[in-house]
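To be precise, the following lines are query19.pdb, and they hold PDB, C-alpha atoms.
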ATOM      1  CA  MET A   1       0.000   0.000   0.000  1.00  0.00           C
ATOM      2  CA  ASN A   2       1.524   3.276  -1.084  1.00  0.00           C
ATOM      3  CA  VAL A   3       1.746   6.189   1.318  1.00  0.00           C
ATOM      4  CA  ASN A   4       2.051   9.893   0.639  1.00  0.00           C
ATOM      5  CA  ALA A   5       5.850  10.192   0.902  1.00  0.00           C
ATOM      6  CA  SER A   6       5.590  13.982   1.051  1.00  0.00           C
ATOM      7  CA  ASN A   7       4.204  13.737   4.597  1.00  0.00           C
ATOM      8  CA  PRO A   8       7.263  13.575   6.890  1.00  0.00           C
ATOM      9  CA  THR A   9       5.214  12.619   9.948  1.00  0.00           C
ATOM     10  CA  LEU A  10       3.711   9.571   8.238  1.00  0.00           C
ATOM     11  CA  GLU A  11       7.105   8.682   6.807  1.00  0.00           C
ATOM     12  CA  THR A  12       8.723   8.715  10.265  1.00  0.00           C
ATOM     13  CA  MET A  13       5.937   6.603  11.747  1.00  0.00           C
ATOM     14  CA  ILE A  14       5.927   3.961   9.005  1.00  0.00           C
ATOM     15  CA  LEU A  15       9.705   3.604   8.829  1.00  0.00           C
ATOM     16  CA  LEU A  16      10.158   3.392  12.618  1.00  0.00           C
ATOM     17  CA  ARG A  17      11.959   0.193  13.607  1.00  0.00           C
ATOM     18  CA  ASN A  18      13.324  -1.273  16.826  1.00  0.00           C
ATOM     19  CA  VAL A  19      17.093  -0.812  16.411  1.00  0.00           C
ATOM     20  CA  GLU A  20      19.724  -2.408  18.635  1.00  0.00           C
ATOM     21  CA  THR A  21      22.959  -1.206  16.999  1.00  0.00           C
ATOM     22  CA  PHE A  22      24.301   2.338  17.156  1.00  0.00           C
ATOM     23  CA  SER A  23      27.223   4.393  15.943  1.00  0.00           C
ATOM     24  CA  PRO A  24      29.612   5.715  18.627  1.00  0.00           C
ATOM     25  CA  ALA A  25      28.465   9.320  18.051  1.00  0.00           C
ATOM     26  CA  PRO A  26      26.866  10.832  21.160  1.00  0.00           C
ATOM     27  CA  VAL A  27      23.275  11.996  21.480  1.00  0.00           C
ATOM     28  CA  LEU A  28      23.301  15.781  21.854  1.00  0.00           C
ATOM     29  CA  ASP A  29      21.706  17.448  24.863  1.00  0.00           C
ATOM     30  CA  ASP A  30      19.293  19.348  22.608  1.00  0.00           C
ATOM     31  CA  GLU A  31      18.181  16.058  21.034  1.00  0.00           C
ATOM     32  CA  LEU A  32      17.684  14.476  24.443  1.00  0.00           C
ATOM     33  CA  ARG A  33      15.814  17.526  25.697  1.00  0.00           C
ATOM     34  CA  ASN A  34      13.410  17.286  22.758  1.00  0.00           C
ATOM     35  CA  ILE A  35      12.787  13.597  23.410  1.00  0.00           C
ATOM     36  CA  LEU A  36      12.080  14.231  27.090  1.00  0.00           C
ATOM     37  CA  ALA A  37       9.749  17.112  26.206  1.00  0.00           C
ATOM     38  CA  VAL A  38       7.707  14.776  23.993  1.00  0.00           C
ATOM     39  CA  ALA A  39       7.669  12.200  26.799  1.00  0.00           C
ATOM     40  CA  ARG A  40       6.501  14.817  29.287  1.00  0.00           C
ATOM     41  CA  TRP A  41       3.612  15.869  27.028  1.00  0.00           C
ATOM     42  CA  THR A  42       2.434  12.333  26.295  1.00  0.00           C
ATOM     43  CA  GLY A  43      -1.193  11.766  27.255  1.00  0.00           C
ATOM     44  CA  SER A  44      -2.070   9.383  30.071  1.00  0.00           C
ATOM     45  CA  SER A  45      -5.162   7.931  31.657  1.00  0.00           C
ATOM     46  CA  MET A  46      -6.882  10.656  33.708  1.00  0.00           C
ATOM     47  CA  ASN A  47      -3.735  12.763  33.176  1.00  0.00           C
ATOM     48  CA  ARG A  48      -1.963  10.953  36.006  1.00  0.00           C
ATOM     49  CA  GLN A  49       1.400  11.129  34.199  1.00  0.00           C
ATOM     50  CA  PRO A  50       2.497   8.016  36.094  1.00  0.00           C
ATOM     51  CA  TRP A  51       6.126   8.039  35.011  1.00  0.00           C
ATOM     52  CA  GLU A  52       9.609   9.160  35.871  1.00  0.00           C
ATOM     53  CA  PHE A  53      12.780   8.803  33.809  1.00  0.00           C
ATOM     54  CA  ILE A  54      16.364   7.853  34.512  1.00  0.00           C
ATOM     55  CA  VAL A  55      18.785   8.927  31.780  1.00  0.00           C
ATOM     56  CA  VAL A  56      21.805   6.617  31.724  1.00  0.00           C
ATOM     57  CA  ARG A  57      24.925   7.720  29.827  1.00  0.00           C
ATOM     58  CA  ASP A  58      27.689   6.170  31.899  1.00  0.00           C
ATOM     59  CA  PRO A  59      29.217   3.360  29.769  1.00  0.00           C
ATOM     60  CA  ASP A  60      29.955   1.302  32.891  1.00  0.00           C
ATOM     61  CA  MET A  61      26.318   1.488  33.991  1.00  0.00           C
ATOM     62  CA  LEU A  62      25.091   0.636  30.488  1.00  0.00           C
ATOM     63  CA  ARG A  63      27.384  -2.401  30.442  1.00  0.00           C
ATOM     64  CA  ALA A  64      26.201  -3.462  33.892  1.00  0.00           C
ATOM     65  CA  LEU A  65      22.554  -3.200  32.789  1.00  0.00           C
ATOM     66  CA  ALA A  66      23.389  -5.177  29.656  1.00  0.00           C
ATOM     67  CA  GLU A  67      24.834  -7.994  31.738  1.00  0.00           C
ATOM     68  CA  THR A  68      21.614  -8.587  33.687  1.00  0.00           C
ATOM     69  CA  GLN A  69      20.102 -10.781  30.962  1.00  0.00           C
ATOM     70  CA  PRO A  70      21.590 -12.295  27.768  1.00  0.00           C
ATOM     71  CA  ASN A  71      19.074 -10.740  25.350  1.00  0.00           C
ATOM     72  CA  LEU A  72      19.780  -7.270  26.784  1.00  0.00           C
ATOM     73  CA  ALA A  73      23.480  -7.271  25.831  1.00  0.00           C
ATOM     74  CA  TRP A  74      22.854  -4.658  23.114  1.00  0.00           C
ATOM     75  CA  TRP A  75      22.281  -1.995  25.776  1.00  0.00           C
ATOM     76  CA  ALA A  76      26.064  -1.863  26.215  1.00  0.00           C
ATOM     77  CA  GLY A  77      26.427  -0.329  22.745  1.00  0.00           C
ATOM     78  CA  ALA A  78      23.886   2.460  23.223  1.00  0.00           C
ATOM     79  CA  PRO A  79      25.240   5.988  23.816  1.00  0.00           C
ATOM     80  CA  LEU A  80      22.400   6.509  26.268  1.00  0.00           C
ATOM     81  CA  ALA A  81      19.306   4.815  27.613  1.00  0.00           C
ATOM     82  CA  ILE A  82      16.105   6.198  29.050  1.00  0.00           C
ATOM     83  CA  VAL A  83      14.723   4.018  31.827  1.00  0.00           C
ATOM     84  CA  VAL A  84      10.980   4.369  32.326  1.00  0.00           C
ATOM     85  CA  VAL A  85       9.899   4.098  35.964  1.00  0.00           C
ATOM     86  CA  MET A  86       6.139   3.804  36.521  1.00  0.00           C
ATOM     87  CA  THR A  87       4.439   4.682  39.806  1.00  0.00           C
ATOM     88  CA  GLY A  88       2.838   1.250  40.117  1.00  0.00           C
ATOM     89  CA  GLN A  89      -0.398   2.637  41.582  1.00  0.00           C
ATOM     90  CA  HIS A  90      -2.680   1.564  38.704  1.00  0.00           C
ATOM     91  CA  PRO A  91      -0.948  -1.348  36.927  1.00  0.00           C
ATOM     92  CA  THR A  92      -3.612  -1.982  34.269  1.00  0.00           C
ATOM     93  CA  LEU A  93      -3.888   1.659  33.216  1.00  0.00           C
ATOM     94  CA  GLU A  94      -0.135   2.142  33.435  1.00  0.00           C
ATOM     95  CA  THR A  95       0.478  -0.695  30.986  1.00  0.00           C
ATOM     96  CA  PHE A  96      -1.584   1.249  28.441  1.00  0.00           C
ATOM     97  CA  ASP A  97       0.133   4.532  29.317  1.00  0.00           C
ATOM     98  CA  GLU A  98       3.585   2.975  29.088  1.00  0.00           C
ATOM     99  CA  GLY A  99       2.886   1.755  25.560  1.00  0.00           C
ATOM    100  CA  ARG A 100       1.875   5.238  24.458  1.00  0.00           C
ATOM    101  CA  LEU A 101       4.909   6.757  26.146  1.00  0.00           C
ATOM    102  CA  THR A 102       7.581   4.426  24.804  1.00  0.00           C
ATOM    103  CA  GLU A 103       6.369   4.642  21.208  1.00  0.00           C
ATOM    104  CA  ARG A 104       6.374   8.442  21.387  1.00  0.00           C
ATOM    105  CA  ILE A 105       9.920   8.467  22.798  1.00  0.00           C
ATOM    106  CA  MET A 106      11.073   6.328  19.881  1.00  0.00           C
ATOM    107  CA  LEU A 107       9.243   8.541  17.375  1.00  0.00           C
ATOM    108  CA  ALA A 108      10.766  11.665  18.933  1.00  0.00           C
ATOM    109  CA  ALA A 109      14.197  10.120  18.486  1.00  0.00           C
ATOM    110  CA  ALA A 110      13.476   9.104  14.879  1.00  0.00           C
ATOM    111  CA  SER A 111      12.189  12.573  14.000  1.00  0.00           C
ATOM    112  CA  GLN A 112      15.677  13.904  14.781  1.00  0.00           C
ATOM    113  CA  GLY A 113      17.514  11.304  12.711  1.00  0.00           C
ATOM    114  CA  LEU A 114      18.271   9.069  15.699  1.00  0.00           C
ATOM    115  CA  VAL A 115      17.415   5.398  16.157  1.00  0.00           C
ATOM    116  CA  ALA A 116      16.047   3.661  19.235  1.00  0.00           C
ATOM    117  CA  GLY A 117      15.459   0.187  20.605  1.00  0.00           C
ATOM    118  CA  LEU A 118      13.127  -0.955  23.356  1.00  0.00           C
ATOM    119  CA  SER A 119      13.460  -3.838  25.781  1.00  0.00           C
ATOM    120  CA  TRP A 120      13.029  -4.637  29.468  1.00  0.00           C
ATOM    121  CA  PRO A 121      14.219  -7.096  32.128  1.00  0.00           C
ATOM    122  CA  ASP A 122      11.715  -9.950  32.004  1.00  0.00           C
ATOM    123  CA  THR A 123      13.029 -12.295  34.688  1.00  0.00           C
ATOM    124  CA  LYS A 124      12.849 -11.780  38.448  1.00  0.00           C
ATOM    125  CA  GLU A 125      16.608 -11.991  38.831  1.00  0.00           C
ATOM    126  CA  ALA A 126      17.294  -9.521  36.023  1.00  0.00           C
ATOM    127  CA  LEU A 127      14.740  -7.084  37.435  1.00  0.00           C
ATOM    128  CA  ARG A 128      16.221  -7.436  40.925  1.00  0.00           C
ATOM    129  CA  ARG A 129      19.655  -6.608  39.568  1.00  0.00           C
ATOM    130  CA  VAL A 130      18.407  -3.622  37.528  1.00  0.00           C
ATOM    131  CA  VAL A 131      16.624  -2.248  40.614  1.00  0.00           C
ATOM    132  CA  GLU A 132      19.845  -2.668  42.588  1.00  0.00           C
ATOM    133  CA  LEU A 133      21.913  -0.892  39.944  1.00  0.00           C
ATOM    134  CA  LEU A 134      19.529   2.031  39.472  1.00  0.00           C
ATOM    135  CA  GLY A 135      18.419   2.430  43.080  1.00  0.00           C
ATOM    136  CA  THR A 136      14.711   2.715  42.294  1.00  0.00           C
ATOM    137  CA  PRO A 137      12.491   2.755  45.399  1.00  0.00           C
ATOM    138  CA  GLU A 138      10.247  -0.118  46.427  1.00  0.00           C
ATOM    139  CA  GLY A 139       7.010  -0.148  44.457  1.00  0.00           C
ATOM    140  CA  LYS A 140       8.580   1.727  41.539  1.00  0.00           C
ATOM    141  CA  PRO A 141      10.360  -0.920  39.504  1.00  0.00           C
ATOM    142  CA  PRO A 142      12.044   0.080  36.254  1.00  0.00           C
ATOM    143  CA  ARG A 143       9.985  -0.994  33.262  1.00  0.00           C
ATOM    144  CA  SER A 144      10.897  -0.277  29.661  1.00  0.00           C
ATOM    145  CA  ILE A 145      14.475   0.719  28.868  1.00  0.00           C
ATOM    146  CA  ILE A 146      14.975   2.539  25.564  1.00  0.00           C
ATOM    147  CA  GLY A 147      18.425   2.665  24.026  1.00  0.00           C
ATOM    148  CA  ILE A 148      18.945   5.717  21.805  1.00  0.00           C
ATOM    149  CA  GLY A 149      21.758   6.706  19.478  1.00  0.00           C
ATOM    150  CA  ASN A 150      22.817   7.646  15.992  1.00  0.00           C
ATOM    151  CA  PRO A 151      22.377   5.100  13.197  1.00  0.00           C
ATOM    152  CA  THR A 152      25.208   3.022  11.840  1.00  0.00           C
ATOM    153  CA  ALA A 153      25.945   3.205   8.120  1.00  0.00           C
ATOM    154  CA  ALA A 154      23.875   0.035   7.669  1.00  0.00           C
ATOM    155  CA  GLU A 155      20.857   1.665   9.306  1.00  0.00           C
ATOM    156  CA  GLU A 156      21.003   4.946   7.383  1.00  0.00           C
ATOM    157  CA  GLN A 157      18.536   5.156   4.526  1.00  0.00           C
ATOM    158  CA  PRO A 158      19.168   7.593   1.648  1.00  0.00           C
ATOM    159  CA  PRO A 159      16.126   9.563   0.450  1.00  0.00           C
ATOM    160  CA  ALA A 160      15.655   7.346  -2.623  1.00  0.00           C
ATOM    161  CA  MET A 161      15.540   4.213  -0.477  1.00  0.00           C
ATOM    162  CA  ARG A 162      13.101   5.792   1.965  1.00  0.00           C
ATOM    163  CA  SER A 163      10.776   6.692  -0.896  1.00  0.00           C
ATOM    164  CA  ALA A 164      11.034   3.144  -2.244  1.00  0.00           C
ATOM    165  CA  LEU A 165      10.175   1.682   1.158  1.00  0.00           C
ATOM    166  CA  LEU A 166       7.093   3.874   1.336  1.00  0.00           C
ATOM    167  CA  GLY A 167       6.049   2.790  -2.133  1.00  0.00           C
ATOM    168  CA  ARG A 168       5.898  -0.933  -1.436  1.00  0.00           C
ATOM    169  CA  GLU A 169       4.935  -3.282   1.342  1.00  0.00           C
ATOM    170  CA  PRO A 170       7.461  -2.884   4.195  1.00  0.00           C
ATOM    171  CA  ALA A 171       9.825  -5.712   5.005  1.00  0.00           C
ATOM    172  CA  GLY A 172       8.516  -8.266   7.454  1.00  0.00           C
ATOM    173  CA  ASN A 173       5.513  -9.571   5.526  1.00  0.00           C
ATOM    174  CA  ARG A 174       2.969  -7.210   7.038  1.00  0.00           C
ATOM    175  CA  LYS A 175      -0.603  -8.409   6.922  1.00  0.00           C
ATOM    176  CA  PRO A 176      -2.590  -6.630   4.207  1.00  0.00           C
ATOM    177  CA  LEU A 177      -5.219  -4.107   5.269  1.00  0.00           C
ATOM    178  CA  SER A 178      -7.803  -6.201   3.449  1.00  0.00           C
ATOM    179  CA  GLY A 179      -7.359  -8.900   6.073  1.00  0.00           C
ATOM    180  CA  MET A 180      -7.690  -6.686   9.129  1.00  0.00           C
ATOM    181  CA  VAL A 181      -9.989  -3.757   8.251  1.00  0.00           C
ATOM    182  CA  PHE A 182     -13.762  -4.184   8.070  1.00  0.00           C
ATOM    183  CA  SER A 183     -16.622  -1.814   7.335  1.00  0.00           C
ATOM    184  CA  GLU A 184     -19.404  -1.245   9.881  1.00  0.00           C
ATOM    185  CA  ARG A 185     -19.464  -4.893  11.054  1.00  0.00           C
ATOM    186  CA  TYR A 186     -16.824  -7.561  11.622  1.00  0.00           C
ATOM    187  CA  GLY A 187     -16.154  -9.570   8.484  1.00  0.00           C
ATOM    188  CA  VAL A 188     -17.530  -7.020   6.032  1.00  0.00           C
ATOM    189  CA  PRO A 189     -14.628  -6.015   3.753  1.00  0.00           C
ATOM    190  CA  ALA A 190     -13.731  -2.337   3.694  1.00  0.00           C
ATOM    191  CA  HIS A 191     -13.100  -0.856   0.282  1.00  0.00           C
ATOM    192  CA  LEU A 192     -10.696   2.083   0.414  1.00  0.00           C
ATOM    193  CA  GLU A 193     -10.047   4.387  -2.492  1.00  0.00           C
ATOM    194  CA  PRO A 194      -6.427   4.178  -3.739  1.00  0.00           C
ATOM    195  CA  PRO A 195      -4.058   6.985  -2.710  1.00  0.00           C
ATOM    196  CA  THR A 196      -4.713  10.231  -4.571  1.00  0.00           C
ATOM    197  CA  ALA A 197      -1.495   9.939  -6.577  1.00  0.00           C
ATOM    198  CA  GLU A 198      -2.598   6.562  -7.954  1.00  0.00           C
ATOM    199  CA  ARG A 199      -6.066   7.575  -9.124  1.00  0.00           C
ATOM    200  CA  SER A 200      -6.678   7.939 -12.821  1.00  0.00           C
ATOM    201  CA  PRO A 201      -6.779  11.588 -13.874  1.00  0.00           C
ATOM    202  CA  PRO A 202     -10.200  12.835 -14.952  1.00  0.00           C
ATOM    203  CA  VAL A 203     -10.958  12.636 -18.647  1.00  0.00           C
ATOM    204  CA  PRO A 204     -10.991  16.184 -20.094  1.00  0.00           C
TER
END
Is it possible to express this structure as structure tokens?
Amino acid sequence: MNVNASNPTLETMILLRNVETFSPAPVLDDELRNILAVARWTGSSMNRQPWEFIVVRDPDMLRALAETQPNLAWWAGAPLAIVVVMTGQHPTLETFDEGRLTERIMLAAASQGLVAGLSWPDTKEALRRVVELLGTPEGKPPRSIIGIGNPTAAEEQPPAMRSALLGREPAGNRKPLSGMVFSERYGVPAHLEPPTAERSPPVP
């Protein structure tokens, strides 16, 4: 399905990927400030804003976090990580809020030419160790940890490639809209007009 490639917001959203390799270049303070501003303004259930953030830049701390669980080793190569700490007062609502928040952090990074990857400690021992390293208080365990950095040469996409990606089905065998979008009632196929650029011009 083609997308209007002239819309930079749609382009950023469609091309967003979870990236776990970074160049050594640092993330600038202005870039980080912009990401945190977007995080701060993210909507939440009943406007509770149930989050706090720990910005980790110390390579030794990043390596220590990476050693807590084998599948988290990539954290060691990130120039910085943002650790999301939720209040824990409303777990069901906070799960929803955390999803909104983490995606917006990644989009804020991508909008500045950065890349980001998301993961979390998913064993009791790994979580215990992360809590110990970061010193989070009881009842406020660290949740998502987002590594952010500049793309490697392999991750950089020249404008021509970006346009090509927007003009065909993205990699990963995405399900077609025809199999997931219905009209008015479940099971009734939705028929969408093709993008404006693909429509036949009117006959003069």
request  = Step by step, work through what the PyMOL selection byres ((chain A and resi 126) around 10) selects in the shown file, and finish by giving those residues as a ChimeraX atom specification.
outcome  = /A:65-70,72,120-125,127-132
message = I'd like to see the residues matched by the PyMOL selection byres ((chain A and resi 83) around 6) on this file, and ideally I'd get them as a PyMOL selection string.
response = chain A and resi 53-54+82+84+145
ask   = How far is it from CA of Phe22 (chain A) to CA of Ala39 (chain A), in Å with one decimal?
value = 21.6 Å
key: Atomic distance CA of Ser111 (chain A) - CA of Thr42 (chain A), expressed in Å with one decimal   = 15.7 Å
query = Do you know which residues are at most 9 Å from Pro189 (chain A) counting only C-alpha atoms, after dropping those on the same chain fewer than 6 positions away, and could you put them as a list in words?
reply = Ser178, Gly179, Met180, Val181, Phe182 and Ser183 of chain A
request  = Determine the residue membership of the PyMOL selection byres ((chain A and resi 136-141) around 6) for the file above and supply it as a PyMOL selection string.
outcome  = chain A and resi 86-88+131+134-135+142
For Pro26 (chain A), list every protein, DNA or RNA residue within 8 Å, evaluated using all atoms listed in the file, and leave out those in the same chain fewer than 6 positions away; present the list as an mmCIF file with C-alpha atoms, in the coordinates of the input.
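And here is the file that came out, out-v9.cif:
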data_model
loop_
_atom_site.group_PDB
_atom_site.id
_atom_site.type_symbol
_atom_site.label_atom_id
_atom_site.label_comp_id
_atom_site.auth_asym_id
_atom_site.auth_seq_id
_atom_site.Cartn_x
_atom_site.Cartn_y
_atom_site.Cartn_z
ATOM 1 C CA PRO A 79 25.240 5.988 23.816
ATOM 2 C CA GLY A 149 21.758 6.706 19.478
ATOM 3 C CA ASN A 150 22.817 7.646 15.992
#
